[in-house]
Amino acid sequence: MVSLSGNFLYLAFVLYLVATFFFGGTIKDKRSQGTKSLASRIAISLTILGFLSQVGYFITRWIASAHAPVSNLFEFMTFFGMMLVLAFIIIYFIYRLNMLGLFTLPVALLVIAYASVFPTEISPLVPSLKSHWLYIHVTTVSLGEAILAISFAAGLIYLIKQVDQSKKSKRTTWLEIVIYGLISTLGFVLISSIFSSLDYKATFEFPFDEQITEVEYNLPAIAGPHEGELLTEDRMSSVFEVPSWMKGVNAAKKFNTLLWSLVTGLAMYLILRLLLRKRIAAAIQPLLQKANSELLDEISYRAVAIGFPVFTLGGLIFAAIWAQEAWDRYWGWDPKEVWALITWFFYAVFLHLRLSKGWHGEKSAWLAVIGFAIIMFNLIAVNLVIAGLHSYA
């Protein structure tokens, strides 16, 4: 059953990848949106087939594990990718915008690829997760964040089309930073896959909770454990040690992974800049001339208007109820809870500025991009660096 589940996920990934190329083929269609072209029909059909295949993965893994498969980073991120595709399919049939698929599906592919580098084995639930609130809270949060991700995709298309690329400015610089962030996620997948294929392992020992603990690195150690010592011969010693405040058995290892992602992403970004001989956004901009800016602005806003209450329900209300059941308190200052609240406040401000202050167009698009950056910081940086009650991966 586990093998079948993995095959379903792999098939979904391939179908999303092929669908992305067909959505790309609609850009040169002479019709305004190309929704009636053969390429667009094939693209959305493949996307739906991919989604159904991923649903098959979710069901078979649930059967194999006997619990909702959202209990660790691999399972949560794959489910997040599935919800992202579902949100796109719904939005597509409302607005019929092929260009949105060209930007949304690659994000879903990155999310699934990101998930694949984490341990995929099925493991028993820790006691605090043995609750029906596991799938109620986590699935609702994931759906809300997925809908908000559609706002990011629409906002990013808007900005690439509208920002003046003829001269360097703060706007072009920040847009390149956003693109670099996406490339760094791909860099994380690439570098992790390379060293995994090489079966790279290096063990460090270090003092933790008044005893000597060991941790195994799967990437060469740029950042080693505080007061750590390398035990494995013929492996790279750490360039520096993490500070003592970075607590957790795997804190240094996770921080090291984040550093490798940023370094690899920077190398990939610079290679692309050399090949294109211009900013990446400037190279993409001519392909987006047919994009309807007003429609993109509307999609970005509507996605937030729908995703925000869903996220509120799952990320705050259901989370508080479960926290009371599991830890006998509705709220604590766990990093995940803090960043969930920051995310909620940000999108509340987004809607306030949009509805009360008239922040439409480019201002709204920047807010959509920043909001998704906050979500991804919570999903990636908080999970990889900051230890807390939600560190189950």
# chains A, B, ... in the order shown; residues from 1 in each chain; ligands from 1

call {"tool": "residues_around", "arguments": {"residues": "Tyr180 of chain A", "least_positions_apart": "6", "cutoff": "12 Å", "atoms": "only C-alpha atoms", "output": "list in words"}}
result
Thr173, Trp174, Leu186, Gly187, Ser261, Leu262, Val263, Thr264, Gly265, Leu266, Ala267, Met268, Tyr269, Leu270, Ile271, Leu272, Arg273, Arg279, Ile280, Ala281 and Ala373 of chain A

call {"tool": "write_last_selection", "arguments": {"atoms": "all heavy atoms", "output": "short mmCIF file (atom, residue, chain, number, x, y, z; two decimals), in the first residue's frame"}}
result
data_model
loop_
_atom_site.label_atom_id
_atom_site.label_comp_id
_atom_site.auth_asym_id
_atom_site.auth_seq_id
_atom_site.Cartn_x
_atom_site.Cartn_y
_atom_site.Cartn_z
N THR A 173 14.52 45.28 -7.66
CA THR A 173 15.38 44.53 -6.74
C THR A 173 14.56 43.59 -5.87
O THR A 173 14.89 42.41 -5.72
CB THR A 173 16.18 45.49 -5.85
OG1 THR A 173 17.01 46.32 -6.67
CG2 THR A 173 17.06 44.71 -4.88
N TRP A 174 13.47 44.09 -5.30
CA TRP A 174 12.63 43.25 -4.45
C TRP A 174 11.96 42.14 -5.25
O TRP A 174 11.77 41.02 -4.74
CB TRP A 174 11.59 44.09 -3.73
CG TRP A 174 12.13 44.79 -2.52
CD1 TRP A 174 12.37 46.11 -2.36
CD2 TRP A 174 12.54 44.15 -1.30
NE1 TRP A 174 12.90 46.36 -1.12
CE2 TRP A 174 13.01 45.17 -0.44
CE3 TRP A 174 12.55 42.84 -0.84
CZ2 TRP A 174 13.48 44.92 0.84
CZ3 TRP A 174 13.02 42.57 0.43
CH2 TRP A 174 13.47 43.60 1.26
N LEU A 186 14.00 25.46 -4.86
CA LEU A 186 14.45 24.47 -5.83
C LEU A 186 15.88 24.03 -5.51
O LEU A 186 16.23 22.85 -5.63
CB LEU A 186 14.38 25.04 -7.25
CG LEU A 186 14.82 24.12 -8.39
CD1 LEU A 186 13.97 22.85 -8.42
CD2 LEU A 186 14.74 24.85 -9.72
N GLY A 187 16.70 24.98 -5.05
CA GLY A 187 18.07 24.65 -4.67
C GLY A 187 18.13 23.68 -3.52
O GLY A 187 18.96 22.77 -3.49
N SER A 261 20.49 25.64 1.25
CA SER A 261 19.42 26.04 0.33
C SER A 261 19.69 27.44 -0.22
O SER A 261 19.56 27.69 -1.43
CB SER A 261 18.07 26.02 1.03
OG SER A 261 17.81 24.76 1.59
N LEU A 262 20.06 28.37 0.68
CA LEU A 262 20.32 29.74 0.26
C LEU A 262 21.54 29.84 -0.64
O LEU A 262 21.53 30.57 -1.65
CB LEU A 262 20.50 30.63 1.50
CG LEU A 262 19.27 30.76 2.41
CD1 LEU A 262 19.61 31.56 3.66
CD2 LEU A 262 18.11 31.41 1.66
N VAL A 263 22.59 29.10 -0.31
CA VAL A 263 23.82 29.14 -1.12
C VAL A 263 23.58 28.52 -2.49
O VAL A 263 23.97 29.09 -3.53
CB VAL A 263 24.96 28.41 -0.38
CG1 VAL A 263 26.16 28.24 -1.30
CG2 VAL A 263 25.35 29.17 0.88
N THR A 264 22.93 27.36 -2.52
CA THR A 264 22.64 26.71 -3.80
C THR A 264 21.70 27.56 -4.64
O THR A 264 21.88 27.70 -5.86
CB THR A 264 22.00 25.33 -3.57
OG1 THR A 264 22.83 24.56 -2.69
CG2 THR A 264 21.85 24.58 -4.89
N GLY A 265 20.68 28.14 -3.99
CA GLY A 265 19.76 29.02 -4.70
C GLY A 265 20.46 30.22 -5.30
O GLY A 265 20.17 30.63 -6.43
N LEU A 266 21.42 30.79 -4.55
CA LEU A 266 22.17 31.94 -5.06
C LEU A 266 23.00 31.55 -6.28
O LEU A 266 23.05 32.29 -7.27
CB LEU A 266 23.08 32.49 -3.96
CG LEU A 266 23.94 33.70 -4.34
CD1 LEU A 266 23.05 34.87 -4.76
CD2 LEU A 266 24.85 34.10 -3.19
N ALA A 267 23.64 30.38 -6.23
CA ALA A 267 24.43 29.92 -7.37
C ALA A 267 23.54 29.72 -8.60
O ALA A 267 23.90 30.14 -9.72
CB ALA A 267 25.13 28.61 -7.01
N MET A 268 22.37 29.10 -8.40
CA MET A 268 21.45 28.87 -9.52
C MET A 268 20.92 30.19 -10.08
O MET A 268 20.80 30.37 -11.30
CB MET A 268 20.28 27.99 -9.06
CG MET A 268 20.69 26.58 -8.68
SD MET A 268 19.35 25.64 -7.92
CE MET A 268 18.21 25.49 -9.31
N TYR A 269 20.64 31.13 -9.19
CA TYR A 269 20.15 32.44 -9.63
C TYR A 269 21.19 33.17 -10.47
O TYR A 269 20.88 33.73 -11.53
CB TYR A 269 19.77 33.29 -8.41
CG TYR A 269 19.38 34.71 -8.76
CD1 TYR A 269 18.11 35.00 -9.24
CD2 TYR A 269 20.31 35.74 -8.62
CE1 TYR A 269 17.76 36.30 -9.57
CE2 TYR A 269 19.96 37.05 -8.95
CZ TYR A 269 18.69 37.32 -9.43
OH TYR A 269 18.36 38.61 -9.78
N LEU A 270 22.45 33.15 -10.00
CA LEU A 270 23.51 33.84 -10.73
C LEU A 270 23.77 33.20 -12.09
O LEU A 270 24.03 33.90 -13.08
CB LEU A 270 24.80 33.83 -9.90
CG LEU A 270 24.76 34.68 -8.61
CD1 LEU A 270 26.05 34.50 -7.82
CD2 LEU A 270 24.52 36.15 -8.94
N ILE A 271 23.67 31.88 -12.16
CA ILE A 271 23.83 31.19 -13.45
C ILE A 271 22.74 31.62 -14.43
O ILE A 271 23.00 31.90 -15.61
CB ILE A 271 23.81 29.65 -13.26
CG1 ILE A 271 25.08 29.21 -12.53
CG2 ILE A 271 23.69 28.93 -14.61
CD1 ILE A 271 25.07 27.75 -12.11
N LEU A 272 21.50 31.70 -13.93
CA LEU A 272 20.39 32.15 -14.78
C LEU A 272 20.60 33.59 -15.24
O LEU A 272 20.34 33.92 -16.41
CB LEU A 272 19.07 32.04 -14.02
CG LEU A 272 18.47 30.64 -13.90
CD1 LEU A 272 17.24 30.67 -12.98
CD2 LEU A 272 18.07 30.10 -15.28
N ARG A 273 21.10 34.44 -14.35
CA ARG A 273 21.36 35.83 -14.73
C ARG A 273 22.42 35.92 -15.82
O ARG A 273 22.31 36.72 -16.76
CB ARG A 273 21.79 36.64 -13.50
CG ARG A 273 20.68 36.98 -12.53
CD ARG A 273 19.69 37.99 -13.11
NE ARG A 273 20.33 39.24 -13.47
CZ ARG A 273 20.39 40.30 -12.67
NH1 ARG A 273 19.85 40.25 -11.46
NH2 ARG A 273 20.96 41.42 -13.08
N ARG A 279 17.84 40.82 -15.76
CA ARG A 279 17.07 40.35 -14.61
C ARG A 279 16.06 39.30 -15.06
O ARG A 279 15.51 39.39 -16.16
CB ARG A 279 16.36 41.53 -13.94
CG ARG A 279 17.30 42.48 -13.20
CD ARG A 279 16.52 43.56 -12.48
NE ARG A 279 15.86 44.45 -13.42
CZ ARG A 279 16.44 45.54 -13.95
NH1 ARG A 279 17.69 45.85 -13.62
NH2 ARG A 279 15.77 46.30 -14.80
N ILE A 280 15.80 38.32 -14.19
CA ILE A 280 14.90 37.23 -14.57
C ILE A 280 13.50 37.75 -14.84
O ILE A 280 12.84 37.34 -15.79
CB ILE A 280 14.89 36.14 -13.48
CG1 ILE A 280 16.29 35.52 -13.36
CG2 ILE A 280 13.86 35.06 -13.79
CD1 ILE A 280 16.43 34.51 -12.26
N ALA A 281 13.03 38.68 -14.01
CA ALA A 281 11.71 39.27 -14.23
C ALA A 281 11.65 40.00 -15.57
O ALA A 281 10.62 39.96 -16.26
CB ALA A 281 11.36 40.22 -13.09
N ALA A 373 5.21 35.13 1.48
CA ALA A 373 6.56 35.00 2.04
C ALA A 373 6.49 34.70 3.52
O ALA A 373 7.28 33.89 4.05
CB ALA A 373 7.36 36.28 1.79
#

call {"tool": "residues_around", "arguments": {"residues": "Tyr217 of chain A", "least_positions_apart": "4", "cutoff": "9 Å", "atoms": "only C-alpha atoms", "output": "PDB file with all heavy atoms, in the first residue's frame"}}
result
ATOM      1  N   TYR A 200      25.429  10.568   1.698  1.00  0.00           N
ATOM      2  CA  TYR A 200      26.312  11.344   2.578  1.00  0.00           C
ATOM      3  C   TYR A 200      25.792  11.316   4.007  1.00  0.00           C
ATOM      4  O   TYR A 200      24.625  11.618   4.267  1.00  0.00           O
ATOM      5  CB  TYR A 200      26.414  12.791   2.095  1.00  0.00           C
ATOM      6  CG  TYR A 200      27.387  13.624   2.897  1.00  0.00           C
ATOM      7  CD1 TYR A 200      28.706  13.755   2.498  1.00  0.00           C
ATOM      8  CD2 TYR A 200      26.986  14.273   4.065  1.00  0.00           C
ATOM      9  CE1 TYR A 200      29.610  14.512   3.235  1.00  0.00           C
ATOM     10  CE2 TYR A 200      27.869  15.033   4.810  1.00  0.00           C
ATOM     11  CZ  TYR A 200      29.181  15.142   4.399  1.00  0.00           C
ATOM     12  OH  TYR A 200      30.075  15.886   5.135  1.00  0.00           O
ATOM     13  N   LYS A 201      26.681  10.965   4.946  1.00  0.00           N
ATOM     14  CA  LYS A 201      26.324  10.965   6.366  1.00  0.00           C
ATOM     15  C   LYS A 201      27.534  11.395   7.176  1.00  0.00           C
ATOM     16  O   LYS A 201      28.658  10.953   6.914  1.00  0.00           O
ATOM     17  CB  LYS A 201      25.869   9.573   6.815  1.00  0.00           C
ATOM     18  CG  LYS A 201      24.567   9.095   6.175  1.00  0.00           C
ATOM     19  CD  LYS A 201      24.204   7.690   6.628  1.00  0.00           C
ATOM     20  CE  LYS A 201      22.920   7.225   5.950  1.00  0.00           C
ATOM     21  NZ  LYS A 201      22.553   5.831   6.331  1.00  0.00           N
ATOM     22  N   ALA A 202      27.289  12.261   8.135  1.00  0.00           N
ATOM     23  CA  ALA A 202      28.347  12.705   9.045  1.00  0.00           C
ATOM     24  C   ALA A 202      27.735  12.866  10.432  1.00  0.00           C
ATOM     25  O   ALA A 202      26.720  13.543  10.593  1.00  0.00           O
ATOM     26  CB  ALA A 202      28.954  14.022   8.572  1.00  0.00           C
ATOM     27  N   THR A 203      28.340  12.235  11.421  1.00  0.00           N
ATOM     28  CA  THR A 203      27.790  12.248  12.777  1.00  0.00           C
ATOM     29  C   THR A 203      28.573  13.193  13.676  1.00  0.00           C
ATOM     30  O   THR A 203      29.813  13.167  13.693  1.00  0.00           O
ATOM     31  CB  THR A 203      27.809  10.832  13.383  1.00  0.00           C
ATOM     32  OG1 THR A 203      27.074   9.955  12.533  1.00  0.00           O
ATOM     33  CG2 THR A 203      27.192  10.826  14.758  1.00  0.00           C
ATOM     34  N   PHE A 204      27.847  14.024  14.401  1.00  0.00           N
ATOM     35  CA  PHE A 204      28.440  14.927  15.392  1.00  0.00           C
ATOM     36  C   PHE A 204      27.903  14.544  16.766  1.00  0.00           C
ATOM     37  O   PHE A 204      26.758  14.102  16.906  1.00  0.00           O
ATOM     38  CB  PHE A 204      28.052  16.382  15.106  1.00  0.00           C
ATOM     39  CG  PHE A 204      28.766  17.001  13.946  1.00  0.00           C
ATOM     40  CD1 PHE A 204      28.323  16.781  12.644  1.00  0.00           C
ATOM     41  CD2 PHE A 204      29.879  17.802  14.138  1.00  0.00           C
ATOM     42  CE1 PHE A 204      28.960  17.360  11.564  1.00  0.00           C
ATOM     43  CE2 PHE A 204      30.539  18.385  13.068  1.00  0.00           C
ATOM     44  CZ  PHE A 204      30.076  18.164  11.773  1.00  0.00           C
ATOM     45  N   ALA A 221      28.688  19.936   6.718  1.00  0.00           N
ATOM     46  CA  ALA A 221      28.367  20.863   7.806  1.00  0.00           C
ATOM     47  C   ALA A 221      28.996  22.234   7.593  1.00  0.00           C
ATOM     48  O   ALA A 221      30.195  22.420   7.806  1.00  0.00           O
ATOM     49  CB  ALA A 221      28.814  20.281   9.135  1.00  0.00           C
ATOM     50  N   LYS A 253      21.410  21.089  12.626  1.00  0.00           N
ATOM     51  CA  LYS A 253      21.265  20.366  11.365  1.00  0.00           C
ATOM     52  C   LYS A 253      20.269  21.079  10.448  1.00  0.00           C
ATOM     53  O   LYS A 253      20.511  21.241   9.243  1.00  0.00           O
ATOM     54  CB  LYS A 253      20.801  18.936  11.650  1.00  0.00           C
ATOM     55  CG  LYS A 253      20.511  18.114  10.408  1.00  0.00           C
ATOM     56  CD  LYS A 253      19.986  16.743  10.783  1.00  0.00           C
ATOM     57  CE  LYS A 253      19.595  15.933   9.549  1.00  0.00           C
ATOM     58  NZ  LYS A 253      19.070  14.592   9.927  1.00  0.00           N
ATOM     59  N   ASN A 256      21.748  24.279   9.128  1.00  0.00           N
ATOM     60  CA  ASN A 256      22.720  23.952   8.095  1.00  0.00           C
ATOM     61  C   ASN A 256      22.017  23.694   6.754  1.00  0.00           C
ATOM     62  O   ASN A 256      22.486  24.123   5.691  1.00  0.00           O
ATOM     63  CB  ASN A 256      23.513  22.710   8.513  1.00  0.00           C
ATOM     64  CG  ASN A 256      24.621  22.362   7.545  1.00  0.00           C
ATOM     65  OD1 ASN A 256      25.589  23.097   7.388  1.00  0.00           O
ATOM     66  ND2 ASN A 256      24.483  21.237   6.859  1.00  0.00           N
TER      67      ASN A 256
END

call {"tool": "select_by_dssp", "arguments": {"residues": "segment 127-293 of chain A", "states": "strand (DSSP E or B)", "output": "list in words"}}
result
Ala202, Thr203, Phe204, Glu205, Phe206, Pro207, Phe208, Gln211, Ile212, Thr213, Glu214, Val215, Glu216, Tyr217, Ala223, Gly224, Glu229, Leu230, Phe240 and Glu241 of chain A

call {"tool": "write_last_selection", "arguments": {"atoms": "N, CA, C and O atoms", "output": "short mmCIF file (atom, residue, chain, number, x, y, z; two decimals), in the first residue's frame"}}
result
data_model
loop_
_atom_site.label_atom_id
_atom_site.label_comp_id
_atom_site.auth_asym_id
_atom_site.auth_seq_id
_atom_site.Cartn_x
_atom_site.Cartn_y
_atom_site.Cartn_z
N ALA A 202 27.29 12.26 8.14
CA ALA A 202 28.35 12.70 9.05
C ALA A 202 27.73 12.87 10.43
O ALA A 202 26.72 13.54 10.59
N THR A 203 28.34 12.23 11.42
CA THR A 203 27.79 12.25 12.78
C THR A 203 28.57 13.19 13.68
O THR A 203 29.81 13.17 13.69
N PHE A 204 27.85 14.02 14.40
CA PHE A 204 28.44 14.93 15.39
C PHE A 204 27.90 14.54 16.77
O PHE A 204 26.76 14.10 16.91
N GLU A 205 28.74 14.73 17.79
CA GLU A 205 28.26 14.61 19.16
C GLU A 205 28.42 15.96 19.84
O GLU A 205 29.35 16.72 19.56
N PHE A 206 27.48 16.27 20.74
CA PHE A 206 27.49 17.58 21.40
C PHE A 206 26.69 17.49 22.70
O PHE A 206 25.83 16.60 22.84
N PRO A 207 26.96 18.36 23.65
CA PRO A 207 26.21 18.34 24.91
C PRO A 207 24.82 18.93 24.73
O PRO A 207 24.64 19.99 24.12
N PHE A 208 23.82 18.20 25.26
CA PHE A 208 22.43 18.68 25.17
C PHE A 208 21.66 18.16 26.37
O PHE A 208 21.66 16.95 26.65
N GLN A 211 23.67 15.99 28.85
CA GLN A 211 24.18 14.69 28.41
C GLN A 211 24.72 14.82 26.99
O GLN A 211 24.42 15.79 26.29
N ILE A 212 25.54 13.85 26.59
CA ILE A 212 26.13 13.87 25.25
C ILE A 212 25.14 13.25 24.26
O ILE A 212 24.66 12.14 24.45
N THR A 213 24.85 14.00 23.20
CA THR A 213 23.88 13.57 22.19
C THR A 213 24.55 13.53 20.82
O THR A 213 25.49 14.28 20.56
N GLU A 214 24.07 12.66 19.96
CA GLU A 214 24.59 12.56 18.59
C GLU A 214 23.52 13.00 17.60
O GLU A 214 22.32 12.80 17.82
N VAL A 215 23.97 13.60 16.49
CA VAL A 215 23.07 13.98 15.40
C VAL A 215 23.76 13.65 14.08
O VAL A 215 24.98 13.83 13.95
N GLU A 216 23.00 13.14 13.13
CA GLU A 216 23.55 12.76 11.83
C GLU A 216 23.19 13.80 10.78
O GLU A 216 22.02 14.12 10.58
N TYR A 217 24.22 14.33 10.12
CA TYR A 217 24.04 15.30 9.05
C TYR A 217 23.99 14.56 7.71
O TYR A 217 24.74 13.62 7.47
N ALA A 223 27.27 24.77 9.21
CA ALA A 223 26.98 25.12 10.61
C ALA A 223 26.91 23.85 11.44
O ALA A 223 26.07 22.98 11.19
N GLY A 224 27.81 23.71 12.40
CA GLY A 224 27.82 22.53 13.24
C GLY A 224 27.15 22.78 14.58
O GLY A 224 26.86 23.93 14.93
N GLU A 229 31.47 17.88 18.13
CA GLU A 229 32.69 17.23 17.65
C GLU A 229 32.33 16.23 16.56
O GLU A 229 31.41 15.41 16.72
N LEU A 230 33.04 16.31 15.44
CA LEU A 230 32.78 15.41 14.31
C LEU A 230 33.33 14.02 14.63
O LEU A 230 34.50 13.86 14.99
N PHE A 240 31.52 26.79 11.11
CA PHE A 240 31.29 27.49 12.37
C PHE A 240 30.24 26.73 13.16
O PHE A 240 29.52 25.87 12.62
N GLU A 241 30.16 27.02 14.44
CA GLU A 241 29.17 26.40 15.31
C GLU A 241 27.98 27.34 15.51
O GLU A 241 28.16 28.56 15.55
#

call {"tool": "closest_residue", "arguments": {"among": "A:Trp331, A:Leu38, A:Phe80, A:Leu109", "to": "Thr185 of chain A", "atoms": "only C-alpha atoms"}}
result
A:Leu109

call {"tool": "residues_around", "arguments": {"residues": "segment 14-27 of chain A", "least_positions_apart": "5", "cutoff": "10 Å", "atoms": "only C-alpha atoms", "output": "ChimeraX atom specification"}}
result
/A:9,32-51,53,85,97-106,108-109,287-291

call {"tool": "write_last_selection", "arguments": {"atoms": "N, CA and C atoms", "output": "CSV table (one decimal), in the first residue's frame"}}
result
chain,number,residue,atom,x,y,z
A,9,LEU,N,1.7,9.6,-6.0
A,9,LEU,CA,2.3,10.9,-5.8
A,9,LEU,C,3.2,11.2,-7.0
A,32,SER,N,-7.6,36.0,-26.6
A,32,SER,CA,-7.2,36.8,-25.4
A,32,SER,C,-6.7,36.0,-24.3
A,33,GLN,N,-7.3,34.9,-24.0
A,33,GLN,CA,-6.9,34.0,-22.9
A,33,GLN,C,-6.6,32.6,-23.4
A,34,GLY,N,-7.0,32.3,-24.6
A,34,GLY,CA,-6.7,31.0,-25.1
A,34,GLY,C,-7.4,29.8,-24.4
A,35,THR,N,-8.5,30.1,-23.8
A,35,THR,CA,-9.2,29.1,-23.0
A,35,THR,C,-9.8,28.0,-23.8
A,36,LYS,N,-10.1,28.3,-25.1
A,36,LYS,CA,-10.7,27.3,-26.0
A,36,LYS,C,-9.7,26.6,-26.9
A,37,SER,N,-8.4,26.8,-26.7
A,37,SER,CA,-7.4,26.2,-27.5
A,37,SER,C,-7.2,24.7,-27.0
A,38,LEU,N,-6.7,23.9,-27.9
A,38,LEU,CA,-6.4,22.5,-27.5
A,38,LEU,C,-5.4,22.5,-26.4
A,39,ALA,N,-4.4,23.3,-26.4
A,39,ALA,CA,-3.4,23.3,-25.3
A,39,ALA,C,-4.0,23.6,-23.9
A,40,SER,N,-4.9,24.5,-23.9
A,40,SER,CA,-5.5,24.8,-22.6
A,40,SER,C,-6.4,23.7,-22.1
A,41,ARG,N,-7.1,23.0,-23.0
A,41,ARG,CA,-8.0,21.9,-22.6
A,41,ARG,C,-7.1,20.7,-22.1
A,42,ILE,N,-6.0,20.5,-22.8
A,42,ILE,CA,-5.1,19.4,-22.4
A,42,ILE,C,-4.5,19.8,-21.0
A,43,ALA,N,-4.1,21.0,-20.8
A,43,ALA,CA,-3.5,21.5,-19.6
A,43,ALA,C,-4.4,21.3,-18.4
A,44,ILE,N,-5.6,21.8,-18.5
A,44,ILE,CA,-6.5,21.7,-17.3
A,44,ILE,C,-6.9,20.2,-17.1
A,45,SER,N,-7.0,19.4,-18.1
A,45,SER,CA,-7.4,18.0,-18.0
A,45,SER,C,-6.3,17.3,-17.3
A,46,LEU,N,-5.0,17.5,-17.6
A,46,LEU,CA,-3.9,16.9,-17.0
A,46,LEU,C,-3.8,17.3,-15.5
A,47,THR,N,-4.1,18.6,-15.3
A,47,THR,CA,-4.1,19.1,-13.9
A,47,THR,C,-5.1,18.4,-13.0
A,48,ILE,N,-6.3,18.2,-13.6
A,48,ILE,CA,-7.3,17.5,-12.8
A,48,ILE,C,-7.0,16.0,-12.6
A,49,LEU,N,-6.4,15.4,-13.6
A,49,LEU,CA,-5.9,14.0,-13.5
A,49,LEU,C,-4.8,13.9,-12.4
A,50,GLY,N,-3.9,14.9,-12.4
A,50,GLY,CA,-2.9,14.9,-11.4
A,50,GLY,C,-3.4,15.1,-10.0
A,51,PHE,N,-4.4,15.9,-9.9
A,51,PHE,CA,-5.1,16.1,-8.6
A,51,PHE,C,-5.7,14.8,-8.1
A,53,SER,N,-4.9,11.8,-9.0
A,53,SER,CA,-3.9,10.9,-8.6
A,53,SER,C,-3.3,11.2,-7.2
A,85,VAL,N,-3.3,22.9,-5.7
A,85,VAL,CA,-3.8,22.5,-7.0
A,85,VAL,C,-5.4,22.6,-7.0
A,97,LEU,N,-8.2,31.7,-16.6
A,97,LEU,CA,-7.0,32.4,-16.9
A,97,LEU,C,-5.8,31.3,-16.9
A,98,ASN,N,-5.4,31.0,-18.1
A,98,ASN,CA,-4.4,30.0,-18.3
A,98,ASN,C,-3.0,30.4,-17.7
A,99,MET,N,-2.8,31.7,-17.8
A,99,MET,CA,-1.5,32.2,-17.2
A,99,MET,C,-1.3,31.9,-15.8
A,100,LEU,N,-2.4,31.8,-15.0
A,100,LEU,CA,-2.3,31.5,-13.6
A,100,LEU,C,-1.8,30.1,-13.4
A,101,GLY,N,-2.2,29.2,-14.3
A,101,GLY,CA,-1.7,27.8,-14.2
A,101,GLY,C,-0.2,27.7,-14.4
A,102,LEU,N,0.3,28.6,-15.3
A,102,LEU,CA,1.8,28.6,-15.6
A,102,LEU,C,2.6,29.0,-14.4
A,103,PHE,N,2.0,29.8,-13.5
A,103,PHE,CA,2.7,30.2,-12.3
A,103,PHE,C,2.4,29.4,-11.0
A,104,THR,N,1.1,28.9,-11.0
A,104,THR,CA,0.7,28.2,-9.8
A,104,THR,C,1.2,26.8,-9.7
A,105,LEU,N,1.1,26.1,-10.9
A,105,LEU,CA,1.6,24.7,-10.9
A,105,LEU,C,3.1,24.5,-10.5
A,106,PRO,N,4.0,25.4,-11.0
A,106,PRO,CA,5.4,25.3,-10.6
A,106,PRO,C,5.6,25.4,-9.1
A,108,ALA,N,3.3,24.5,-6.9
A,108,ALA,CA,2.9,23.2,-6.3
A,108,ALA,C,3.9,22.1,-6.5
A,109,LEU,N,4.6,22.2,-7.7
A,109,LEU,CA,5.7,21.2,-7.9
A,109,LEU,C,6.9,21.4,-6.9
A,287,LEU,N,6.6,37.9,-22.0
A,287,LEU,CA,5.7,36.8,-22.2
A,287,LEU,C,4.3,37.1,-21.6
A,288,LEU,N,4.2,38.1,-20.8
A,288,LEU,CA,3.0,38.4,-20.0
A,288,LEU,C,2.2,39.6,-20.6
A,289,GLN,N,2.5,40.0,-21.8
A,289,GLN,CA,1.9,41.2,-22.3
A,289,GLN,C,0.4,41.1,-22.4
A,290,LYS,N,-0.1,39.8,-22.7
A,290,LYS,CA,-1.5,39.6,-22.8
A,290,LYS,C,-2.3,39.5,-21.5
A,291,ALA,N,-1.6,39.5,-20.4
A,291,ALA,CA,-2.2,39.4,-19.1
A,291,ALA,C,-3.1,40.6,-18.8

call {"tool": "residues_around", "arguments": {"residues": "Arg171 of chain A", "least_positions_apart": "3", "cutoff": "12 Å", "atoms": "only C-alpha atoms", "output": "list in words"}}
result
Leu159, Ile160, Gln162, Val163, Asp164, Gln165, Ser166, Lys167, Lys168, Trp174, Leu175, Glu176, Ile177, Val178, Ala281, Glu362, Lys363, Ala365 and Trp366 of chain A

call {"tool": "select_by_dssp", "arguments": {"residues": "segment 153-255 of chain A", "states": "helix (DSSP H, G or I)", "output": "ChimeraX atom specification"}}
result
/A:153-162,170-197,251-255

call {"tool": "closest_residue", "arguments": {"among": "A:Tyr57, A:Tyr92, A:Phe76, A:Trp327", "to": "His137 of chain A", "atoms": "only C-alpha atoms"}}
result
A:Phe76

call {"tool": "closest_residue", "arguments": {"among": "A:Ala154, A:Ala323, A:Val249, A:Leu110", "to": "Leu295 of chain A", "atoms": "only C-alpha atoms"}}
result
A:Ala154

call {"tool": "atom_distance", "arguments": {"atom1": "atom CA of Ser300 of chain A", "atom2": "atom CA of Leu148 of chain A"}}
result
8.4 Å

call {"tool": "atom_distance", "arguments": {"atom1": "atom CA of Arg96 of chain A", "atom2": "atom CA of Ala368 of chain A"}}
result
20.5 Å
